[in-house]
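File shown: query.txt (compact mmCIF, C-alpha atoms and all ligand atoms).
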```
# COMPACT_ATOMS: atom_id res chain seq x y z
CA MET A 3 185.23 97.19 115.67
CA VAL A 4 182.45 97.66 113.14
CA LYS A 5 182.86 94.45 111.17
CA PRO A 6 182.58 91.90 114.01
CA MET A 7 179.54 93.71 115.42
CA ARG A 8 177.84 93.73 112.04
CA SER A 9 178.49 90.01 111.65
CA ILE A 10 176.87 89.27 114.99
CA VAL A 11 173.80 91.30 114.07
CA ILE A 12 173.46 89.59 110.69
CA PHE A 13 173.85 86.05 111.92
CA GLY A 14 171.60 86.76 114.87
CA ALA A 15 168.91 87.98 112.47
CA VAL A 16 169.27 84.96 110.20
CA GLY A 17 169.14 82.65 113.20
CA ALA A 18 165.94 84.30 114.32
CA LEU A 19 164.49 83.95 110.83
CA VAL A 20 165.32 80.26 110.69
CA ALA A 21 163.82 79.76 114.14
CA ALA A 22 160.66 81.66 113.21
CA VAL A 23 160.15 79.59 110.08
CA ALA A 24 161.16 76.35 111.73
CA LEU A 25 158.84 76.50 114.71
CA PRO A 26 155.60 76.19 112.70
CA ALA A 27 157.25 73.40 110.72
CA TYR A 28 157.87 71.47 113.92
CA ALA A 29 154.33 72.11 115.10
CA ALA A 30 152.72 71.02 111.85
CA SER A 31 155.10 68.16 111.16
CA SER A 32 154.09 64.58 111.74
CA GLY A 33 157.64 63.57 112.60
CA PRO A 34 161.23 64.65 113.06
CA VAL A 35 162.18 63.68 109.51
CA ASP A 36 159.87 66.28 108.00
CA ALA A 37 161.12 68.89 110.41
CA ALA A 38 164.70 68.07 109.60
CA THR A 39 164.11 68.39 105.88
CA THR A 40 162.32 71.69 106.32
CA LEU A 41 165.09 73.11 108.48
CA GLN A 42 167.79 72.15 106.02
CA GLN A 43 165.81 73.58 103.12
CA VAL A 44 165.27 76.81 105.02
CA ALA A 45 168.97 77.03 105.70
CA VAL A 46 169.77 76.52 102.02
CA ASP A 47 167.16 79.05 100.91
CA ASP A 48 168.49 81.58 103.37
CA ALA A 49 172.01 81.36 102.00
CA GLN A 50 171.18 83.95 99.36
CA SER A 51 168.86 86.19 101.37
CA LEU A 52 171.58 86.44 103.99
CA VAL A 53 173.57 88.62 101.62
CA VAL A 54 170.56 90.84 100.96
CA ALA A 55 169.96 91.18 104.68
CA SER A 56 173.58 92.19 105.09
CA ALA A 57 173.27 95.06 102.62
CA ALA A 58 169.90 96.11 104.00
CA THR A 59 171.20 96.13 107.55
CA ALA A 60 174.28 98.10 106.63
CA SER A 61 172.51 100.81 104.63
CA PRO A 62 170.61 102.61 107.43
CA LEU A 63 173.80 102.70 109.50
CA ASP A 64 175.69 104.44 106.71
CA ARG A 65 175.39 108.13 107.54
CA SER A 66 176.52 109.24 104.07
CA THR A 67 173.40 107.66 102.52
CA TYR A 68 171.33 110.49 103.94
CA GLY A 69 173.68 113.09 102.44
CA ALA A 70 172.71 112.06 98.91
CA THR A 71 170.13 114.55 97.68
CA THR A 72 170.43 114.77 93.91
CA PRO A 73 169.29 111.95 91.59
CA GLU A 74 172.88 111.52 90.47
CA GLU A 75 174.15 111.13 94.02
CA ILE A 76 171.38 108.68 94.87
CA ALA A 77 172.17 106.67 91.74
CA THR A 78 175.83 106.59 92.71
CA LYS A 79 174.97 105.44 96.23
CA LYS A 80 172.72 102.70 94.86
CA ALA A 81 175.48 101.51 92.53
CA GLU A 82 177.92 101.42 95.44
CA GLU A 83 175.46 99.42 97.54
CA ALA A 84 174.92 96.99 94.66
CA ALA A 85 178.67 96.54 94.25
CA LYS A 86 179.01 95.88 97.99
CA ALA A 87 176.20 93.30 97.82
CA ARG A 88 177.85 91.55 94.86
CA ALA A 89 181.18 91.43 96.68
CA ALA A 90 179.46 89.99 99.75
CA ALA A 91 177.65 87.41 97.62
CA THR A 92 180.92 86.34 96.02
CA ALA A 93 182.58 86.00 99.40
CA ALA A 94 179.64 84.02 100.79
CA ALA A 95 179.61 81.69 97.78
CA ALA A 96 183.34 81.11 98.06
CA ALA A 97 183.01 80.30 101.76
CA ALA A 98 180.09 77.97 101.12
CA SER A 99 181.79 76.02 98.33
CA SER A 100 185.20 75.72 99.96
CA GLY A 101 184.02 73.13 102.46
CA ALA A 102 186.19 74.90 104.98
CA SER A 103 185.20 75.56 108.55
CA SER A 104 184.61 79.26 108.06
CA ARG A 105 180.83 79.29 108.35
CA SER A 106 179.32 81.06 111.31
CA PHE A 107 176.36 79.80 113.28
CA ASP A 108 174.05 81.39 115.77
CA VAL A 109 174.71 79.50 118.99
CA GLY A 110 171.93 81.32 120.81
CA ASN A 111 172.21 80.83 124.55
CA TYR A 112 174.76 78.06 124.25
CA ALA A 113 178.36 78.49 125.34
CA LEU A 114 181.12 78.34 122.74
CA VAL A 115 183.00 75.97 125.05
CA SER A 116 181.46 73.05 126.91
CA PRO A 117 180.94 74.10 130.53
CA GLY A 118 182.95 72.25 133.13
CA SER A 119 186.53 71.81 134.14
CA GLY A 120 187.09 68.08 133.82
CA GLU A 121 189.26 66.14 131.44
CA VAL A 122 186.09 64.76 129.83
CA ARG A 123 183.21 66.99 128.75
CA TYR A 124 179.72 66.37 127.42
CA PRO A 125 179.77 66.69 123.60
CA LEU A 126 176.46 68.59 123.65
CA PRO A 127 175.26 71.24 126.12
CA ARG A 128 173.62 69.66 129.16
CA GLY A 129 169.85 69.76 128.79
CA SER A 130 170.02 70.40 125.04
CA TYR A 131 169.51 66.79 124.00
CA THR A 132 167.52 63.67 124.73
CA GLN A 133 168.98 60.19 124.70
CA GLY A 134 168.23 58.06 121.68
CA ARG A 135 169.46 54.56 121.02
CA THR A 136 172.95 53.52 122.01
CA ILE A 137 175.41 50.81 120.95
CA GLY A 138 174.30 47.34 119.94
CA GLY A 139 173.13 45.49 116.86
CA GLY A 140 175.89 46.93 114.73
CA HIS A 141 175.25 50.48 115.96
CA ASN A 142 178.49 51.80 117.44
CA GLY A 143 177.41 55.02 119.09
CA ALA A 144 174.91 56.94 121.14
CA ASP A 145 172.32 58.94 119.18
CA MET A 146 171.93 62.20 121.08
CA LEU A 147 168.81 63.92 119.73
CA ALA A 148 169.12 67.71 119.51
CA PRO A 149 167.94 70.51 117.22
CA GLN A 150 169.95 71.35 114.13
CA GLY A 151 172.62 73.92 114.95
CA THR A 152 173.21 72.76 118.53
CA PRO A 153 176.96 73.19 119.19
CA ILE A 154 179.11 70.05 119.43
CA TYR A 155 182.15 70.04 121.71
CA ALA A 156 185.25 67.86 121.84
CA ALA A 157 184.72 65.34 124.64
CA ALA A 158 188.42 65.47 125.49
CA ALA A 159 191.64 67.18 124.49
CA GLY A 160 193.44 65.52 121.62
CA VAL A 161 194.32 65.55 117.95
CA VAL A 162 191.76 65.56 115.16
CA ARG A 163 192.25 62.29 113.26
CA ALA A 164 189.60 63.02 110.62
CA SER A 165 187.40 65.96 109.68
CA ALA A 166 185.42 65.86 106.44
CA GLU A 167 182.13 66.77 104.80
CA SER A 168 181.40 63.12 104.01
CA ILE A 169 182.71 60.10 105.90
CA GLY A 170 180.52 57.19 104.77
CA GLY A 171 177.30 56.87 106.74
CA TYR A 172 178.57 59.39 109.30
CA GLY A 173 178.05 62.23 106.82
CA VAL A 174 179.80 65.38 108.01
CA ALA A 175 182.00 64.04 110.77
CA VAL A 176 184.96 64.65 113.07
CA MET A 177 187.09 62.01 114.82
CA ILE A 178 189.43 62.85 117.69
CA ASP A 179 192.23 60.81 119.27
CA SER A 180 192.89 61.51 122.95
CA VAL A 181 194.91 60.09 125.81
CA ILE A 182 193.00 60.04 129.11
CA GLY A 183 194.57 58.58 132.21
CA GLY A 184 197.14 56.80 130.07
CA GLN A 185 194.50 55.16 127.90
CA SER A 186 193.94 55.94 124.24
CA VAL A 187 190.43 57.22 123.70
CA GLY A 188 188.91 57.76 120.28
CA THR A 189 185.71 59.77 119.90
CA THR A 190 183.57 60.16 116.77
CA TYR A 191 181.01 62.87 116.06
CA GLY A 192 178.68 62.19 113.11
CA HIS A 193 175.81 63.70 111.10
CA MET A 194 176.91 67.34 111.57
CA THR A 195 175.45 70.13 109.46
CA TYR A 196 177.18 70.71 106.12
CA GLY A 197 179.82 73.41 106.35
CA SER A 198 179.69 73.51 110.14
CA ARG A 199 182.99 71.86 111.05
CA GLN A 200 185.22 74.12 113.12
CA VAL A 201 188.36 71.94 113.11
CA GLN A 202 190.62 70.32 110.54
CA ALA A 203 192.48 66.98 110.51
CA GLY A 204 195.78 67.19 112.37
CA GLN A 205 194.62 70.06 114.54
CA THR A 206 195.06 69.92 118.32
CA VAL A 207 191.88 70.57 120.28
CA SER A 208 191.19 71.21 123.94
CA ALA A 209 188.51 69.51 126.04
CA GLY A 210 185.18 71.18 125.39
CA GLN A 211 186.33 73.03 122.28
CA LEU A 212 183.64 73.79 119.70
CA ILE A 213 184.09 71.40 116.76
CA GLY A 214 180.82 71.64 114.78
CA PHE A 215 177.03 71.78 114.86
CA VAL A 216 174.29 69.14 114.98
CA GLY A 217 172.69 68.15 111.69
CA SER A 218 171.30 65.12 109.90
CA THR A 219 173.86 64.36 107.18
CA GLY A 220 174.89 60.87 106.09
CA ARG A 221 172.80 57.86 107.09
CA SER A 222 170.42 59.77 109.32
CA THR A 223 166.72 60.63 109.31
CA ALA A 224 166.58 63.23 112.08
CA ASN A 225 168.85 65.84 113.63
CA HIS A 226 171.12 64.20 116.16
CA LEU A 227 174.74 63.66 117.17
CA HIS A 228 176.02 60.13 116.66
CA PHE A 229 178.71 59.93 119.35
CA GLU A 230 181.16 57.01 119.60
CA VAL A 231 183.68 56.23 122.32
CA TRP A 232 186.53 53.77 121.82
CA VAL A 233 188.93 53.06 124.71
CA ASN A 234 192.13 51.20 123.84
CA GLY A 235 190.44 50.01 120.66
CA GLY A 236 187.33 48.67 122.38
CA LEU A 237 183.84 50.08 121.96
CA TYR A 238 182.34 51.77 125.04
CA GLU A 239 178.74 52.66 125.83
CA PRO A 240 178.86 56.47 125.50
CA TYR A 241 176.07 57.51 127.90
CA GLY A 242 177.57 55.47 130.72
CA TRP A 243 181.10 56.62 129.86
CA LEU A 244 180.01 60.27 129.96
CA ALA A 245 178.09 59.83 133.22
CA ALA A 246 181.14 58.24 134.81
CA ASN A 247 183.75 60.65 133.49
CA ALA A 248 182.35 63.99 132.31
CA GLY A 249 182.24 67.06 134.43
ZN ZN B 301 173.84 56.59 115.41
```
Please lay out the structure from this file as structure tokens.
Ligand SMILES: [Zn+2]
Amino acid sequence: MVKPMRSIVIFGAVGALVAAVALPAYAASSGPVDAATTLQQVAVDDAQSLVVASAATASPLDRSTYGATTPEEIATKKAEEAAKARAAATAAAAAASSGASSRSFDVGNYALVSPGSGEVRYPLPRGSYTQGRTIGGGHNGADMLAPQGTPIYAAAAGVVRASAESIGGYGVAVMIDSVIGGQSVGTTYGHMTYGSRQVQAGQTVSAGQLIGFVGSTGRSTANHLHFEVWVNGGLYEPYGWLAANAG
């Protein structure tokens, strides 16, 4: 019971810290590129302080800390806390370098599953994004502009064809193969945040399942989801496809 609750508190606090630092950056920034860079840098910088925050948050909750009265006991407690912090740092570093989908994110007020009951779901929470450019001129997807860390959902149930930290210009990306109404539908989700993928290749996913978080990796200059829809091998215009099918 204690561990999950502590995790929620820690990640909530870090999320708040990132938001607090990021808001002035957005206000002062001349464009989304600067804001994106600042956000990513903040996230990187916070990777270490997260461990410190963990130890600091845990200490006041540890009743036995207050029972230490002699210098020796206090020294022992401090050594124990330091050992705990080192262990946490090692675990965090291992998780960060593994490239696995073990990283946690603060999803704020967003649902962990895309709302709705249909066979096709919006890949981003409704109202969380604005429409950027769509297909044409060699661009094969819809650029859905949303803040870094916005949850990304599988548009349909299927099997993950690809999930990697670097897929060419897509950067951190996930590709899913689905069958909808007897037609093969392939969806691609690009430019996710490093370390944010929640699914692995070969994995079966349900419609609306959380698969990652918005970022600006790969060939991208601002936080957004590059979303592609292929039906029976042919490219579809994603905004229109979603409007016609998602719910
Ligand atoms: Zn794009």
* Asked: Can you tell me which residues sit at most 10 Å away from ligand ZN 301 (chain B), counting all atoms listed in the file, written as an MDAnalysis selection string?
  -> chainID A and resid 134:137 140:147 171:172 191:193 221:222 226:230
Selection above as a file: C-alpha atoms, as a CSV table (one decimal), in the coordinates of the input:
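New file part_13.csv:
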```csv
chain,number,residue,atom,x,y,z
A,134,GLY,CA,168.2,58.1,121.7
A,135,ARG,CA,169.5,54.6,121.0
A,136,THR,CA,173.0,53.5,122.0
A,137,ILE,CA,175.4,50.8,121.0
A,140,GLY,CA,175.9,46.9,114.7
A,141,HIS,CA,175.2,50.5,116.0
A,142,ASN,CA,178.5,51.8,117.4
A,143,GLY,CA,177.4,55.0,119.1
A,144,ALA,CA,174.9,56.9,121.1
A,145,ASP,CA,172.3,58.9,119.2
A,146,MET,CA,171.9,62.2,121.1
A,147,LEU,CA,168.8,63.9,119.7
A,171,GLY,CA,177.3,56.9,106.7
A,172,TYR,CA,178.6,59.4,109.3
A,191,TYR,CA,181.0,62.9,116.1
A,192,GLY,CA,178.7,62.2,113.1
A,193,HIS,CA,175.8,63.7,111.1
A,221,ARG,CA,172.8,57.9,107.1
A,222,SER,CA,170.4,59.8,109.3
A,226,HIS,CA,171.1,64.2,116.2
A,227,LEU,CA,174.7,63.7,117.2
A,228,HIS,CA,176.0,60.1,116.7
A,229,PHE,CA,178.7,59.9,119.4
A,230,GLU,CA,181.2,57.0,119.6
```
* Can you tell me how far CA of Thr189 (chain A) sits from CA of Gly242 (chain A), in Å to one decimal? -> 14.2 Å
* Structure fact -> re CA of Val187 (chain A) and CA of Ser218 (chain A): distance 24.9 Å
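As for CA of Gln202 (chain A) and CA of Ser168 (chain A), they are spaced 13.4 Å apart.
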* Asked: Closest to Ser208 (chain A) among A:Thr195, A:Ser116, A:Gln150, A:Thr223, using all atoms listed in the file?
  ->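 Checking each of A:Thr195, A:Ser116, A:Gln150, A:Thr223 against Ser208 (chain A), counting all atoms listed in the file, the winner is A:Ser116.
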* To do: Would you mind listing what lies within 6 Å of Ser165 (chain A) as a PyMOL selection string, with only C-alpha atoms counted and same-chain residues fewer than 3 positions away left out?
  => chain A and resi 175-176+202-203
* Asked: Closest to Gly210 (chain A) among A:Ser198, A:Ser119, A:Asn111, A:Gln133, using only C-alpha atoms?
  -> A:Ser119
* Distance criterion (only C-alpha atoms): nearest to Met177 (chain A) out of A:Gly151, A:Ala224, A:Val231, A:Glu74 ->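 Of A:Gly151, A:Ala224, A:Val231, A:Glu74, the one nearest Met177 (chain A) is A:Val231, counting only C-alpha atoms.
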* Residues within 8 Å of region 126-132 of chain A, only C-alpha atoms, excluding chain neighbours under 2 positions, as a ChimeraX atom specification -> /A:112-113,116-117,124,134,146-149,152-155
* From A:Ala248, A:Gly188, A:Met194, A:Ala157, residue lying nearest Gly217 (chain A) [only C-alpha atoms] ->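 The closest residue to Gly217 (chain A) is A:Met194.
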Missing atoms in region 128-154 of chain A: fill them in up to N, CA, C and O atoms and send the result as a PDB file, keeping the file's coordinate frame.
```
ATOM      1  N   ARG A 128     174.524  70.398 128.269  1.00  0.00           N
ATOM      2  CA  ARG A 128     173.620  69.660 129.160  1.00  0.00           C
ATOM      3  C   ARG A 128     172.217  70.217 129.008  1.00  0.00           C
ATOM      4  O   ARG A 128     172.012  71.431 128.973  1.00  0.00           O
ATOM      5  N   GLY A 129     171.242  69.332 128.910  1.00  0.00           N
ATOM      6  CA  GLY A 129     169.850  69.760 128.790  1.00  0.00           C
ATOM      7  C   GLY A 129     169.429  70.095 127.370  1.00  0.00           C
ATOM      8  O   GLY A 129     168.266  70.403 127.125  1.00  0.00           O
ATOM      9  N   SER A 130     170.367  70.039 126.425  1.00  0.00           N
ATOM     10  CA  SER A 130     170.020  70.400 125.040  1.00  0.00           C
ATOM     11  C   SER A 130     169.582  69.181 124.238  1.00  0.00           C
ATOM     12  O   SER A 130     169.078  69.322 123.132  1.00  0.00           O
ATOM     13  N   TYR A 131     169.784  68.000 124.785  1.00  0.00           N
ATOM     14  CA  TYR A 131     169.510  66.790 124.000  1.00  0.00           C
ATOM     15  C   TYR A 131     168.706  65.769 124.810  1.00  0.00           C
ATOM     16  O   TYR A 131     168.616  65.855 126.029  1.00  0.00           O
ATOM     17  N   THR A 132     168.128  64.818 124.083  1.00  0.00           N
ATOM     18  CA  THR A 132     167.520  63.670 124.730  1.00  0.00           C
ATOM     19  C   THR A 132     168.228  62.418 124.224  1.00  0.00           C
ATOM     20  O   THR A 132     168.757  62.408 123.113  1.00  0.00           O
ATOM     21  N   GLN A 133     168.257  61.398 125.055  1.00  0.00           N
ATOM     22  CA  GLN A 133     168.980  60.190 124.700  1.00  0.00           C
ATOM     23  C   GLN A 133     168.186  59.329 123.730  1.00  0.00           C
ATOM     24  O   GLN A 133     167.037  58.982 123.998  1.00  0.00           O
ATOM     25  N   GLY A 134     168.815  59.017 122.610  1.00  0.00           N
ATOM     26  CA  GLY A 134     168.230  58.060 121.680  1.00  0.00           C
ATOM     27  C   GLY A 134     168.892  56.718 121.895  1.00  0.00           C
ATOM     28  O   GLY A 134     169.443  56.452 122.965  1.00  0.00           O
ATOM     29  N   ARG A 135     168.884  55.889 120.861  1.00  0.00           N
ATOM     30  CA  ARG A 135     169.460  54.560 121.020  1.00  0.00           C
ATOM     31  C   ARG A 135     170.968  54.634 121.235  1.00  0.00           C
ATOM     32  O   ARG A 135     171.609  55.632 120.912  1.00  0.00           O
ATOM     33  N   THR A 136     171.510  53.571 121.774  1.00  0.00           N
ATOM     34  CA  THR A 136     172.950  53.520 122.010  1.00  0.00           C
ATOM     35  C   THR A 136     173.546  52.341 121.257  1.00  0.00           C
ATOM     36  O   THR A 136     172.981  51.888 120.262  1.00  0.00           O
ATOM     37  N   ILE A 137     174.719  51.853 121.718  1.00  0.00           N
ATOM     38  CA  ILE A 137     175.410  50.810 120.950  1.00  0.00           C
ATOM     39  C   ILE A 137     174.654  49.481 121.013  1.00  0.00           C
ATOM     40  O   ILE A 137     173.885  49.224 121.938  1.00  0.00           O
ATOM     41  N   GLY A 138     174.912  48.669 120.005  1.00  0.00           N
ATOM     42  CA  GLY A 138     174.300  47.340 119.940  1.00  0.00           C
ATOM     43  C   GLY A 138     173.707  47.098 118.563  1.00  0.00           C
ATOM     44  O   GLY A 138     173.292  48.038 117.882  1.00  0.00           O
ATOM     45  N   GLY A 139     173.702  45.837 118.144  1.00  0.00           N
ATOM     46  CA  GLY A 139     173.130  45.490 116.860  1.00  0.00           C
ATOM     47  C   GLY A 139     173.821  46.155 115.685  1.00  0.00           C
ATOM     48  O   GLY A 139     173.168  46.562 114.723  1.00  0.00           O
ATOM     49  N   GLY A 140     175.134  46.316 115.810  1.00  0.00           N
ATOM     50  CA  GLY A 140     175.890  46.930 114.730  1.00  0.00           C
ATOM     51  C   GLY A 140     175.913  48.450 114.781  1.00  0.00           C
ATOM     52  O   GLY A 140     176.540  49.089 113.951  1.00  0.00           O
ATOM     53  N   HIS A 141     175.225  49.026 115.771  1.00  0.00           N
ATOM     54  CA  HIS A 141     175.250  50.480 115.960  1.00  0.00           C
ATOM     55  C   HIS A 141     176.310  50.817 116.992  1.00  0.00           C
ATOM     56  O   HIS A 141     176.243  50.346 118.131  1.00  0.00           O
ATOM     57  N   ASN A 142     177.302  51.604 116.598  1.00  0.00           N
ATOM     58  CA  ASN A 142     178.490  51.800 117.440  1.00  0.00           C
ATOM     59  C   ASN A 142     178.498  53.055 118.289  1.00  0.00           C
ATOM     60  O   ASN A 142     179.522  53.400 118.884  1.00  0.00           O
ATOM     61  N   GLY A 143     177.389  53.775 118.324  1.00  0.00           N
ATOM     62  CA  GLY A 143     177.410  55.020 119.090  1.00  0.00           C
ATOM     63  C   GLY A 143     176.115  55.304 119.810  1.00  0.00           C
ATOM     64  O   GLY A 143     175.166  54.516 119.760  1.00  0.00           O
ATOM     65  N   ALA A 144     176.109  56.448 120.477  1.00  0.00           N
ATOM     66  CA  ALA A 144     174.910  56.940 121.140  1.00  0.00           C
ATOM     67  C   ALA A 144     174.304  58.013 120.236  1.00  0.00           C
ATOM     68  O   ALA A 144     175.018  58.900 119.764  1.00  0.00           O
ATOM     69  N   ASP A 145     173.009  57.919 119.979  1.00  0.00           N
ATOM     70  CA  ASP A 145     172.320  58.940 119.180  1.00  0.00           C
ATOM     71  C   ASP A 145     171.730  59.971 120.133  1.00  0.00           C
ATOM     72  O   ASP A 145     170.735  59.727 120.813  1.00  0.00           O
ATOM     73  N   MET A 146     172.357  61.127 120.181  1.00  0.00           N
ATOM     74  CA  MET A 146     171.930  62.200 121.080  1.00  0.00           C
ATOM     75  C   MET A 146     171.072  63.172 120.270  1.00  0.00           C
ATOM     76  O   MET A 146     171.568  63.903 119.422  1.00  0.00           O
ATOM     77  N   LEU A 147     169.770  63.151 120.543  1.00  0.00           N
ATOM     78  CA  LEU A 147     168.810  63.920 119.730  1.00  0.00           C
ATOM     79  C   LEU A 147     168.795  65.384 120.169  1.00  0.00           C
ATOM     80  O   LEU A 147     168.532  65.709 121.327  1.00  0.00           O
ATOM     81  N   ALA A 148     169.067  66.274 119.216  1.00  0.00           N
ATOM     82  CA  ALA A 148     169.120  67.710 119.510  1.00  0.00           C
ATOM     83  C   ALA A 148     168.786  68.485 118.242  1.00  0.00           C
ATOM     84  O   ALA A 148     168.943  67.974 117.128  1.00  0.00           O
ATOM     85  N   PRO A 149     168.304  69.715 118.401  1.00  0.00           N
ATOM     86  CA  PRO A 149     167.940  70.510 117.220  1.00  0.00           C
ATOM     87  C   PRO A 149     169.148  70.794 116.329  1.00  0.00           C
ATOM     88  O   PRO A 149     170.285  70.854 116.815  1.00  0.00           O
ATOM     89  N   GLN A 150     168.883  70.961 115.048  1.00  0.00           N
ATOM     90  CA  GLN A 150     169.950  71.350 114.130  1.00  0.00           C
ATOM     91  C   GLN A 150     170.577  72.652 114.620  1.00  0.00           C
ATOM     92  O   GLN A 150     169.873  73.563 115.061  1.00  0.00           O
ATOM     93  N   GLY A 151     171.916  72.709 114.549  1.00  0.00           N
ATOM     94  CA  GLY A 151     172.620  73.920 114.950  1.00  0.00           C
ATOM     95  C   GLY A 151     173.084  73.906 116.391  1.00  0.00           C
ATOM     96  O   GLY A 151     173.771  74.824 116.829  1.00  0.00           O
ATOM     97  N   THR A 152     172.713  72.862 117.154  1.00  0.00           N
ATOM     98  CA  THR A 152     173.210  72.760 118.530  1.00  0.00           C
ATOM     99  C   THR A 152     174.729  72.553 118.472  1.00  0.00           C
ATOM    100  O   THR A 152     175.207  71.712 117.718  1.00  0.00           O
ATOM    101  N   PRO A 153     175.496  73.334 119.238  1.00  0.00           N
ATOM    102  CA  PRO A 153     176.960  73.190 119.190  1.00  0.00           C
ATOM    103  C   PRO A 153     177.434  71.834 119.689  1.00  0.00           C
ATOM    104  O   PRO A 153     176.854  71.261 120.604  1.00  0.00           O
ATOM    105  N   ILE A 154     178.491  71.330 119.048  1.00  0.00           N
ATOM    106  CA  ILE A 154     179.110  70.050 119.430  1.00  0.00           C
ATOM    107  C   ILE A 154     180.517  70.347 119.934  1.00  0.00           C
ATOM    108  O   ILE A 154     181.272  71.076 119.282  1.00  0.00           O
TER     109      ILE A 154
END
```
